[in-house]
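Shown below: data13.cif, with mmCIF, C-alpha atoms.
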data_work
loop_
_atom_site.label_atom_id
_atom_site.label_comp_id
_atom_site.auth_asym_id
_atom_site.auth_seq_id
_atom_site.Cartn_x
_atom_site.Cartn_y
_atom_site.Cartn_z
CA MET A 17 80.20 125.85 21.31
CA ASN A 18 82.35 122.86 22.26
CA LYS A 19 83.90 124.97 24.99
CA LEU A 20 80.46 125.87 26.40
CA LYS A 21 79.46 122.20 26.39
CA LYS A 22 82.56 121.27 28.37
CA ILE A 23 81.82 123.95 30.95
CA TYR A 24 78.23 122.74 31.17
CA TYR A 25 79.23 119.12 31.66
CA PHE A 26 81.76 120.15 34.31
CA VAL A 27 79.14 122.13 36.28
CA VAL A 28 76.64 119.28 36.10
CA ALA A 29 79.26 116.73 37.19
CA PHE A 30 80.28 118.90 40.14
CA ALA A 31 76.66 119.42 41.18
CA LEU A 32 76.03 115.69 41.13
CA ALA A 33 79.19 114.88 43.09
CA THR A 34 78.65 117.45 45.84
CA PRO A 35 75.54 115.85 47.40
CA MET A 36 77.25 112.48 47.24
CA MET A 37 80.25 113.76 49.19
CA SER A 38 77.99 115.50 51.68
CA CYS A 39 75.94 112.33 52.04
CA SER A 40 79.09 110.32 52.76
CA ASN A 41 80.11 112.72 55.54
CA ASP A 42 76.60 112.63 56.95
CA ASN A 43 76.68 108.82 56.96
CA ASP A 44 79.95 108.85 58.90
CA THR A 45 78.42 111.18 61.49
CA VAL A 46 75.28 109.08 61.78
CA ALA A 47 77.36 105.90 62.07
CA GLU A 48 79.32 107.34 64.99
CA GLU A 49 76.20 108.64 66.70
CA GLN A 50 74.69 105.16 66.53
CA LEU A 51 77.62 103.64 68.42
CA THR A 52 77.12 103.06 72.13
CA PRO A 53 79.78 104.44 74.50
CA SER A 54 81.07 100.90 75.00
CA GLN A 55 81.38 100.40 71.25
CA ARG A 56 83.31 103.65 70.90
CA LEU A 57 85.74 102.73 73.65
CA SER A 58 86.39 99.28 72.22
CA SER A 59 86.63 100.47 68.62
CA THR A 60 90.33 101.34 68.75
CA PRO A 61 93.48 101.18 70.87
CA TRP A 62 94.14 104.37 72.86
CA GLU A 63 97.35 106.22 73.66
CA THR A 64 97.68 108.73 76.49
CA THR A 65 98.75 111.96 74.80
CA GLY A 66 98.07 114.63 77.41
CA ALA A 67 96.98 115.54 80.92
CA LYS A 68 95.66 118.66 82.64
CA ASP A 69 95.25 119.63 86.28
CA ASN A 70 92.17 121.17 87.88
CA GLN A 71 93.34 124.61 86.76
CA GLY A 72 93.51 123.52 83.14
CA ASN A 73 97.29 123.55 83.09
CA ALA A 74 99.12 120.92 81.05
CA VAL A 75 100.85 118.27 83.14
CA ALA A 76 103.84 116.31 81.83
CA LEU A 77 103.04 112.63 81.36
CA THR A 78 106.14 111.81 83.42
CA ASP A 79 104.77 113.76 86.39
CA ALA A 80 104.28 111.36 89.31
CA ARG A 81 100.73 112.66 89.82
CA VAL A 82 99.60 111.29 86.42
CA SER A 83 102.29 108.85 85.26
CA GLY A 84 100.39 105.90 86.73
CA PHE A 85 97.58 106.52 84.23
CA VAL A 86 99.75 106.82 81.12
CA GLY A 87 100.11 104.17 78.43
CA PHE A 88 98.44 102.22 75.65
CA ALA A 89 94.97 100.91 76.51
CA TYR A 90 93.04 98.09 74.85
CA PHE A 91 89.37 97.75 75.80
CA LYS A 92 88.16 94.55 74.20
CA THR A 93 84.66 93.66 73.10
CA ASP A 94 84.59 90.67 75.48
CA GLY A 95 84.73 93.03 78.47
CA LYS A 96 88.41 92.52 79.22
CA PHE A 97 91.11 95.17 79.12
CA ALA A 98 94.88 95.43 79.13
CA ILE A 99 96.94 98.57 79.72
CA TYR A 100 100.63 98.79 78.85
CA GLY A 101 103.18 101.49 79.60
CA LEU A 102 104.52 103.52 76.71
CA ASN A 103 107.46 101.10 76.87
CA ASP A 104 105.04 98.24 76.05
CA ALA A 105 105.36 96.65 79.51
CA ILE A 106 102.02 95.42 80.81
CA ARG A 107 100.67 97.51 83.70
CA SER A 108 97.21 96.18 84.48
CA MET A 109 94.54 93.85 83.15
CA GLY A 110 91.05 92.77 84.12
CA THR A 111 87.51 93.71 83.17
CA TRP A 112 85.90 96.99 82.13
CA SER A 113 82.46 98.51 81.67
CA ILE A 114 80.69 101.81 80.99
CA ASP A 115 77.42 102.78 82.64
CA ALA A 116 74.30 103.14 80.49
CA SER A 117 74.54 106.95 80.46
CA GLY A 118 78.10 106.83 79.14
CA LYS A 119 79.37 109.02 81.97
CA THR A 120 81.43 106.55 84.02
CA ARG A 121 84.03 104.01 83.00
CA THR A 122 84.89 101.28 85.48
CA ILE A 123 87.91 98.99 85.44
CA VAL A 124 88.47 96.06 87.76
CA SER A 125 92.16 95.21 87.88
CA LYS A 126 92.76 91.54 88.61
CA ARG A 127 95.50 89.20 89.78
CA PRO A 128 96.41 86.11 87.75
CA ASP A 129 94.07 84.02 89.94
CA GLY A 130 91.14 86.30 89.08
CA THR A 131 90.87 88.03 92.45
CA THR A 132 90.51 91.81 92.47
CA ILE A 133 93.42 94.17 93.06
CA PHE A 134 91.40 97.37 92.75
CA THR A 135 88.27 98.86 91.20
CA ARG A 136 88.47 102.32 89.67
CA ASP A 137 85.62 104.54 88.46
CA VAL A 138 86.40 107.63 86.40
CA GLU A 139 84.21 110.36 84.99
CA ILE A 140 84.13 110.39 81.17
CA LEU A 141 84.51 113.93 79.82
CA GLU A 142 84.75 113.09 76.12
CA LEU A 143 84.39 109.87 74.17
CA THR A 144 84.39 109.84 70.39
CA LYS A 145 86.01 107.44 67.94
CA ASN A 146 89.15 109.60 68.11
CA VAL A 147 89.37 111.09 71.61
CA PHE A 148 88.80 109.63 75.06
CA THR A 149 89.26 111.86 78.09
CA TYR A 150 88.46 110.97 81.67
CA ARG A 151 88.81 112.74 85.02
CA ILE A 152 90.61 111.04 87.87
CA HIS A 153 90.25 112.25 91.47
CA THR A 154 93.50 111.33 93.19
CA ASP A 155 92.45 112.53 96.65
CA SER A 156 89.10 111.08 97.74
CA SER A 157 88.93 113.52 100.65
CA ASN A 158 89.31 116.53 98.35
CA PRO A 159 87.23 116.33 95.13
CA ALA A 160 88.60 119.70 94.03
CA VAL A 161 91.90 117.96 93.21
CA TYR A 162 91.69 116.07 89.93
CA PHE A 163 93.47 115.44 86.64
CA ASP A 164 92.04 115.04 83.17
CA ILE A 165 93.76 112.25 81.26
CA ILE A 166 93.58 112.62 77.49
CA HIS A 167 93.83 109.71 75.08
CA THR A 168 93.76 109.68 71.31
CA LYS A 169 93.13 106.92 68.80
CA THR A 170 96.28 105.02 67.85
CA THR A 171 97.29 102.24 65.47
CA HIS A 172 99.78 100.89 68.01
CA ALA A 173 99.41 97.11 68.03
CA GLU A 174 99.02 95.35 71.36
CA PRO A 175 102.33 93.67 72.34
CA ALA A 176 102.26 90.00 71.33
CA ASN A 177 105.36 88.79 73.19
CA GLY A 178 103.47 86.71 75.75
CA GLN A 179 103.10 89.14 78.65
CA LEU A 180 99.31 89.00 78.63
CA THR A 181 99.34 85.20 78.49
CA LEU A 182 101.83 84.82 81.33
CA ALA A 183 99.87 87.23 83.54
CA SER A 184 96.47 85.75 82.73
CA THR A 185 96.59 82.71 85.03
CA PRO A 186 98.48 81.07 87.89
CA TRP A 187 100.96 78.39 86.79
CA GLU A 188 101.80 75.08 88.46
CA THR A 189 104.98 73.13 87.78
CA THR A 190 103.78 69.78 86.47
CA GLY A 191 106.83 68.28 84.82
CA ALA A 192 110.51 68.51 83.98
CA LYS A 193 112.80 66.95 81.36
CA ASP A 194 116.56 66.73 81.05
CA ASN A 195 118.63 67.47 77.95
CA GLN A 196 118.01 63.91 76.73
CA GLY A 197 114.25 64.38 76.91
CA ASN A 198 113.90 62.10 79.92
CA ASN A 199 111.34 62.87 82.61
CA VAL A 200 112.84 64.21 85.83
CA ALA A 201 111.03 63.85 89.16
CA LEU A 202 110.00 67.23 90.58
CA ASP A 203 111.73 66.41 93.88
CA ASN A 204 115.04 65.80 92.05
CA ALA A 205 117.65 68.22 93.38
CA ASN A 206 118.43 69.43 89.85
CA VAL A 207 114.93 70.86 89.37
CA SER A 208 113.22 71.00 92.77
CA SER A 209 114.11 74.64 93.36
CA TYR A 210 112.09 75.64 90.28
CA VAL A 211 108.93 73.79 91.32
CA GLY A 212 105.83 75.50 92.67
CA TYR A 213 102.95 77.87 91.95
CA ALA A 214 103.88 81.03 90.02
CA TYR A 215 101.90 84.28 89.82
CA PHE A 216 103.09 86.84 87.28
CA ARG A 217 101.04 89.94 87.94
CA ALA A 218 100.25 92.51 85.27
CA ASN A 219 101.93 95.26 87.31
CA GLY A 220 105.34 93.67 86.69
CA THR A 221 105.70 91.91 90.03
CA TYR A 222 105.66 88.18 90.69
CA ALA A 223 105.57 85.66 93.52
CA ILE A 224 106.50 81.97 93.45
CA TYR A 225 105.34 79.58 96.16
CA GLY A 226 106.29 75.99 96.80
CA LEU A 227 103.63 73.35 96.29
CA ASN A 228 103.16 73.64 100.08
CA ASN A 229 102.08 77.30 99.59
CA VAL A 230 105.22 78.66 101.28
CA LEU A 231 106.69 81.71 99.55
CA ARG A 232 109.93 80.89 97.74
CA ASN A 233 110.80 84.21 96.12
CA LYS A 234 109.23 87.39 94.81
CA GLY A 235 110.23 90.46 92.85
CA ASP A 236 109.92 91.81 89.33
CA TRP A 237 109.42 90.04 86.00
CA SER A 238 109.52 90.86 82.32
CA ILE A 239 109.55 89.21 78.91
CA SER A 240 111.90 90.34 76.15
CA PRO A 241 110.32 92.17 73.20
CA ASP A 242 110.85 89.12 70.98
CA GLY A 243 109.06 86.87 73.50
CA LYS A 244 112.01 84.48 73.80
CA THR A 245 113.33 85.29 77.27
CA ARG A 246 111.64 85.63 80.65
CA THR A 247 113.53 87.52 83.32
CA ILE A 248 112.85 87.53 87.05
CA VAL A 249 114.60 89.77 89.55
CA ALA A 250 114.11 88.29 93.03
CA LYS A 251 114.05 90.90 95.79
CA ASN A 252 114.00 91.19 99.56
CA ASP A 253 111.24 93.10 101.32
CA ASP A 254 113.46 96.20 101.31
CA GLY A 255 113.80 96.03 97.51
CA SER A 256 117.38 94.82 97.46
CA VAL A 257 118.15 92.29 94.72
CA ILE A 258 118.74 88.65 95.66
CA PHE A 259 119.32 87.32 92.15
CA THR A 260 118.42 87.87 88.50
CA ARG A 261 117.51 84.90 86.32
CA ASP A 262 116.98 84.78 82.56
CA VAL A 263 115.43 81.66 81.03
CA GLN A 264 114.64 80.69 77.47
CA ILE A 265 110.91 80.39 76.78
CA LEU A 266 110.19 77.21 74.83
CA GLU A 267 106.40 77.35 74.90
CA LEU A 268 103.89 79.88 76.14
CA ASN A 269 100.21 79.61 75.36
CA ASN A 270 96.90 79.67 77.23
CA GLY A 271 97.49 76.20 78.70
CA LYS A 272 101.23 75.66 78.97
CA PHE A 273 104.41 77.51 79.91
CA THR A 274 107.77 75.80 79.51
CA TYR A 275 111.19 77.33 79.99
CA ARG A 276 114.74 76.01 79.83
CA ILE A 277 117.13 76.41 82.73
CA ILE A 278 120.88 76.03 82.26
CA PRO A 279 122.43 75.50 85.73
CA ASN A 280 125.99 76.16 84.56
CA SER A 281 126.37 78.78 81.82
CA SER A 282 129.81 77.41 80.95
CA ASN A 283 128.21 74.09 80.01
CA PRO A 284 125.07 74.89 77.95
CA ASN A 285 124.68 71.26 76.89
CA VAL A 286 123.34 70.43 80.34
CA TYR A 287 119.88 71.87 80.84
CA TYR A 288 116.42 71.14 82.19
CA ASP A 289 113.05 72.07 80.72
CA ILE A 290 110.58 73.11 83.40
CA ILE A 291 106.95 72.55 82.41
CA HIS A 292 104.03 74.50 83.88
CA THR A 293 100.32 74.23 83.21
CA LEU A 294 97.55 76.64 84.12
CA VAL A 295 95.88 76.09 87.47
CA THR A 296 92.97 77.61 89.39
CA HIS A 297 94.95 77.73 92.65
CA ASN A 298 94.48 81.10 94.41
CA GLU A 299 97.58 82.99 95.41
CA PRO A 300 98.30 82.64 99.16
CA LEU A 301 97.94 86.03 100.84
#

Mind turning this structure into structure tokens?
Amino acid sequence: MNKLKKIYYFVVAFALATPMMSCSNDNDTVAEEQLTPSQRLSSTPWETTGAKDNQGNAVALTDARVSGFVGFAYFKTDGKFAIYGLNDAIRSMGTWSIDASGKTRTIVSKRPDGTTIFTRDVEILELTKNVFTYRIHTDSSNPAVYFDIIHTKTTHAEPANGQLTLASTPWETTGAKDNQGNNVALDNANVSSYVGYAYFRANGTYAIYGLNNVLRNKGDWSISPDGKTRTIVAKNDDGSVIFTRDVQILELNNGKFTYRIIPNSSNPNVYYDIIHTLVTHNEPL
């Protein structure tokens, strides 16, 4: 009899639990259905995990035809976005939106001064909380040529080493100090060559102009993974390297960027701290 009671209690317990589990799954489905396309896109970071051509064939993510669309993407609830390569180097940033029908995603890539680099519309093929696939037409004159770029939900944290901050605004040199903490005039020969307006673009290129708006140097930039070193590689128009300069980052936030320059590496006790503050000055074009 005791055995029959146990079986009875087990059956009743299972019967009671089954609707509850089903109800939980139903709630999850309803919750996702209630999300707008914009809410789905901004609900998680995305990683590019696949690509297909117009024949449905898989395309390697390193293929030049799709590699420019590969990376980690962060679509934020404030309407801003940032896309990084799979190496965590920032590739583009700006604003994003989805049309009311949920069929088109638009990104507006911007320079540090807020002006537009490009606007890109893509057709959304799938958008759930776990998968985001869009179609990119790479030849505007031939719509039959396209690639489907597949992203999946990821837990990959957005890099926090200062790249986004450095690329978010133009910077103006507003001060300098020597190794004793004394103010140094910006026209002093020891610091004057570091003075100007700096534009660190999200695509990894930069340009520095004098305060007279004359170009001083341009090339590539990066920040070390630990956020402690900024590197610029100045280049000629033909891409040849003029110089490479590493500087120690002392402060980098939304209002201030200060780095330390050591003119003579054999004498690290002599240095200058170059202070920049954000500015609304548009990049000379």

Result set, the PyMOL selection byres ((chain A and resi 182) around 9) on current file, as a PDB file with C-alpha atoms, in the frame of the given file:
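Heads up, here's the output in part_26.pdb:
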ATOM      1  CA  PRO A 128      96.410  86.110  87.750  1.00  0.00           C
ATOM      2  CA  GLY A 178     103.470  86.710  75.750  1.00  0.00           C
ATOM      3  CA  GLN A 179     103.100  89.140  78.650  1.00  0.00           C
ATOM      4  CA  LEU A 180      99.310  89.000  78.630  1.00  0.00           C
ATOM      5  CA  THR A 181      99.340  85.200  78.490  1.00  0.00           C
ATOM      6  CA  ALA A 183      99.870  87.230  83.540  1.00  0.00           C
ATOM      7  CA  SER A 184      96.470  85.750  82.730  1.00  0.00           C
ATOM      8  CA  THR A 185      96.590  82.710  85.030  1.00  0.00           C
ATOM      9  CA  PRO A 186      98.480  81.070  87.890  1.00  0.00           C
ATOM     10  CA  TRP A 187     100.960  78.390  86.790  1.00  0.00           C
ATOM     11  CA  TYR A 215     101.900  84.280  89.820  1.00  0.00           C
ATOM     12  CA  PHE A 216     103.090  86.840  87.280  1.00  0.00           C
ATOM     13  CA  ARG A 217     101.040  89.940  87.940  1.00  0.00           C
ATOM     14  CA  ALA A 218     100.250  92.510  85.270  1.00  0.00           C
ATOM     15  CA  LEU A 268     103.890  79.880  76.140  1.00  0.00           C
ATOM     16  CA  ASN A 269     100.210  79.610  75.360  1.00  0.00           C
ATOM     17  CA  ASN A 270      96.900  79.670  77.230  1.00  0.00           C
ATOM     18  CA  PHE A 273     104.410  77.510  79.910  1.00  0.00           C
TER      19      PHE A 273
END

Selection result of the PyMOL selection byres ((chain A and resi 297) around 7) on this file, as JSON, numbers by chain: {"A": [129, 186, 295, 296, 298, 299]}

task: Evaluate the PyMOL selection byres ((chain A and resi 229-241) around 9) on the structure here and hand back the selected residues as a ChimeraX atom specification.
output: /A:104-106,175-179,209,212-213,216-217,219-228,242-253,255,257,299-300

Could the residues in this selection be saved with C-alpha atoms as a PDB file, in the coordinates of the input?
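Saved to out04.pdb:
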ATOM      1  CA  ASP A 104     105.040  98.240  76.050  1.00  0.00           C
ATOM      2  CA  ALA A 105     105.360  96.650  79.510  1.00  0.00           C
ATOM      3  CA  ILE A 106     102.020  95.420  80.810  1.00  0.00           C
ATOM      4  CA  PRO A 175     102.330  93.670  72.340  1.00  0.00           C
ATOM      5  CA  ALA A 176     102.260  90.000  71.330  1.00  0.00           C
ATOM      6  CA  ASN A 177     105.360  88.790  73.190  1.00  0.00           C
ATOM      7  CA  GLY A 178     103.470  86.710  75.750  1.00  0.00           C
ATOM      8  CA  GLN A 179     103.100  89.140  78.650  1.00  0.00           C
ATOM      9  CA  SER A 209     114.110  74.640  93.360  1.00  0.00           C
ATOM     10  CA  GLY A 212     105.830  75.500  92.670  1.00  0.00           C
ATOM     11  CA  TYR A 213     102.950  77.870  91.950  1.00  0.00           C
ATOM     12  CA  PHE A 216     103.090  86.840  87.280  1.00  0.00           C
ATOM     13  CA  ARG A 217     101.040  89.940  87.940  1.00  0.00           C
ATOM     14  CA  ASN A 219     101.930  95.260  87.310  1.00  0.00           C
ATOM     15  CA  GLY A 220     105.340  93.670  86.690  1.00  0.00           C
ATOM     16  CA  THR A 221     105.700  91.910  90.030  1.00  0.00           C
ATOM     17  CA  TYR A 222     105.660  88.180  90.690  1.00  0.00           C
ATOM     18  CA  ALA A 223     105.570  85.660  93.520  1.00  0.00           C
ATOM     19  CA  ILE A 224     106.500  81.970  93.450  1.00  0.00           C
ATOM     20  CA  TYR A 225     105.340  79.580  96.160  1.00  0.00           C
ATOM     21  CA  GLY A 226     106.290  75.990  96.800  1.00  0.00           C
ATOM     22  CA  LEU A 227     103.630  73.350  96.290  1.00  0.00           C
ATOM     23  CA  ASN A 228     103.160  73.640 100.080  1.00  0.00           C
ATOM     24  CA  ASP A 242     110.850  89.120  70.980  1.00  0.00           C
ATOM     25  CA  GLY A 243     109.060  86.870  73.500  1.00  0.00           C
ATOM     26  CA  LYS A 244     112.010  84.480  73.800  1.00  0.00           C
ATOM     27  CA  THR A 245     113.330  85.290  77.270  1.00  0.00           C
ATOM     28  CA  ARG A 246     111.640  85.630  80.650  1.00  0.00           C
ATOM     29  CA  THR A 247     113.530  87.520  83.320  1.00  0.00           C
ATOM     30  CA  ILE A 248     112.850  87.530  87.050  1.00  0.00           C
ATOM     31  CA  VAL A 249     114.600  89.770  89.550  1.00  0.00           C
ATOM     32  CA  ALA A 250     114.110  88.290  93.030  1.00  0.00           C
ATOM     33  CA  LYS A 251     114.050  90.900  95.790  1.00  0.00           C
ATOM     34  CA  ASN A 252     114.000  91.190  99.560  1.00  0.00           C
ATOM     35  CA  ASP A 253     111.240  93.100 101.320  1.00  0.00           C
ATOM     36  CA  GLY A 255     113.800  96.030  97.510  1.00  0.00           C
ATOM     37  CA  VAL A 257     118.150  92.290  94.720  1.00  0.00           C
ATOM     38  CA  GLU A 299      97.580  82.990  95.410  1.00  0.00           C
ATOM     39  CA  PRO A 300      98.300  82.640  99.160  1.00  0.00           C
TER      40      PRO A 300
END

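As for atom CA of A:Thr65 and atom CA of A:Lys119, they are spaced 20.9 Å apart.
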
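Using only C-alpha atoms, the nearest neighbour of A:Ala67 within the list A:Asp164, A:Asp155, A:Glu188, A:Asp262 is A:Asp164.
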
Show me, as a Markdown table, the residues of stretch 153-219 of chain A having an atom within 9 Å of stretch 79-103 of chain A, each with the closest atom pair and its distance in Å, using all atoms listed in the file.
| residue | atom | partner | partner_atom | distance |
| --- | --- | --- | --- | --- |
| A:Thr154 | CA | A:Arg81 | CA | 8.1 |
| A:Phe163 | CA | A:Val82 | CA | 7.4 |
| A:Ile165 | CA | A:Phe85 | CA | 7.5 |
| A:His167 | CA | A:Phe88 | CA | 8.8 |
| A:Thr170 | CA | A:Phe88 | CA | 8.6 |
| A:His172 | CA | A:Phe88 | CA | 7.9 |
| A:Glu174 | CA | A:Tyr90 | CA | 7.4 |
| A:Pro175 | CA | A:Tyr100 | CA | 8.5 |
| A:Leu180 | CA | A:Ala98 | CA | 7.8 |
| A:Ala218 | CA | A:Ala98 | CA | 8.7 |

- prompt: At what distance in Å, to one decimal, does atom CA of A:Lys169 lie from atom CA of A:Thr149?
  reply: 11.2 Å

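Note that atom CA of A:Asn158 and atom CA of A:Leu77 are 22.2 Å apart.
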
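If only C-alpha atoms are the atoms counted, then among A:Asn204, A:Ile114, A:Gly66, A:Arg127 the closest residue to A:Leu301 is A:Arg127.
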
query: Using all atoms listed in the file, which residues sit within 6 Å of A:Ile123 once same-chain residues fewer than 4 positions away are excluded, as an MDAnalysis selection string?
result: chainID A and resid 111:112 135:136

- prompt: From the set A:Thr293, A:Ser281, A:Thr274, A:Asn70, which residue has the shortest atom-to-atom contact distance to A:Tyr162, counting only C-alpha atoms?
  reply: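 Closest residue, counting only C-alpha atoms: A:Asn70.
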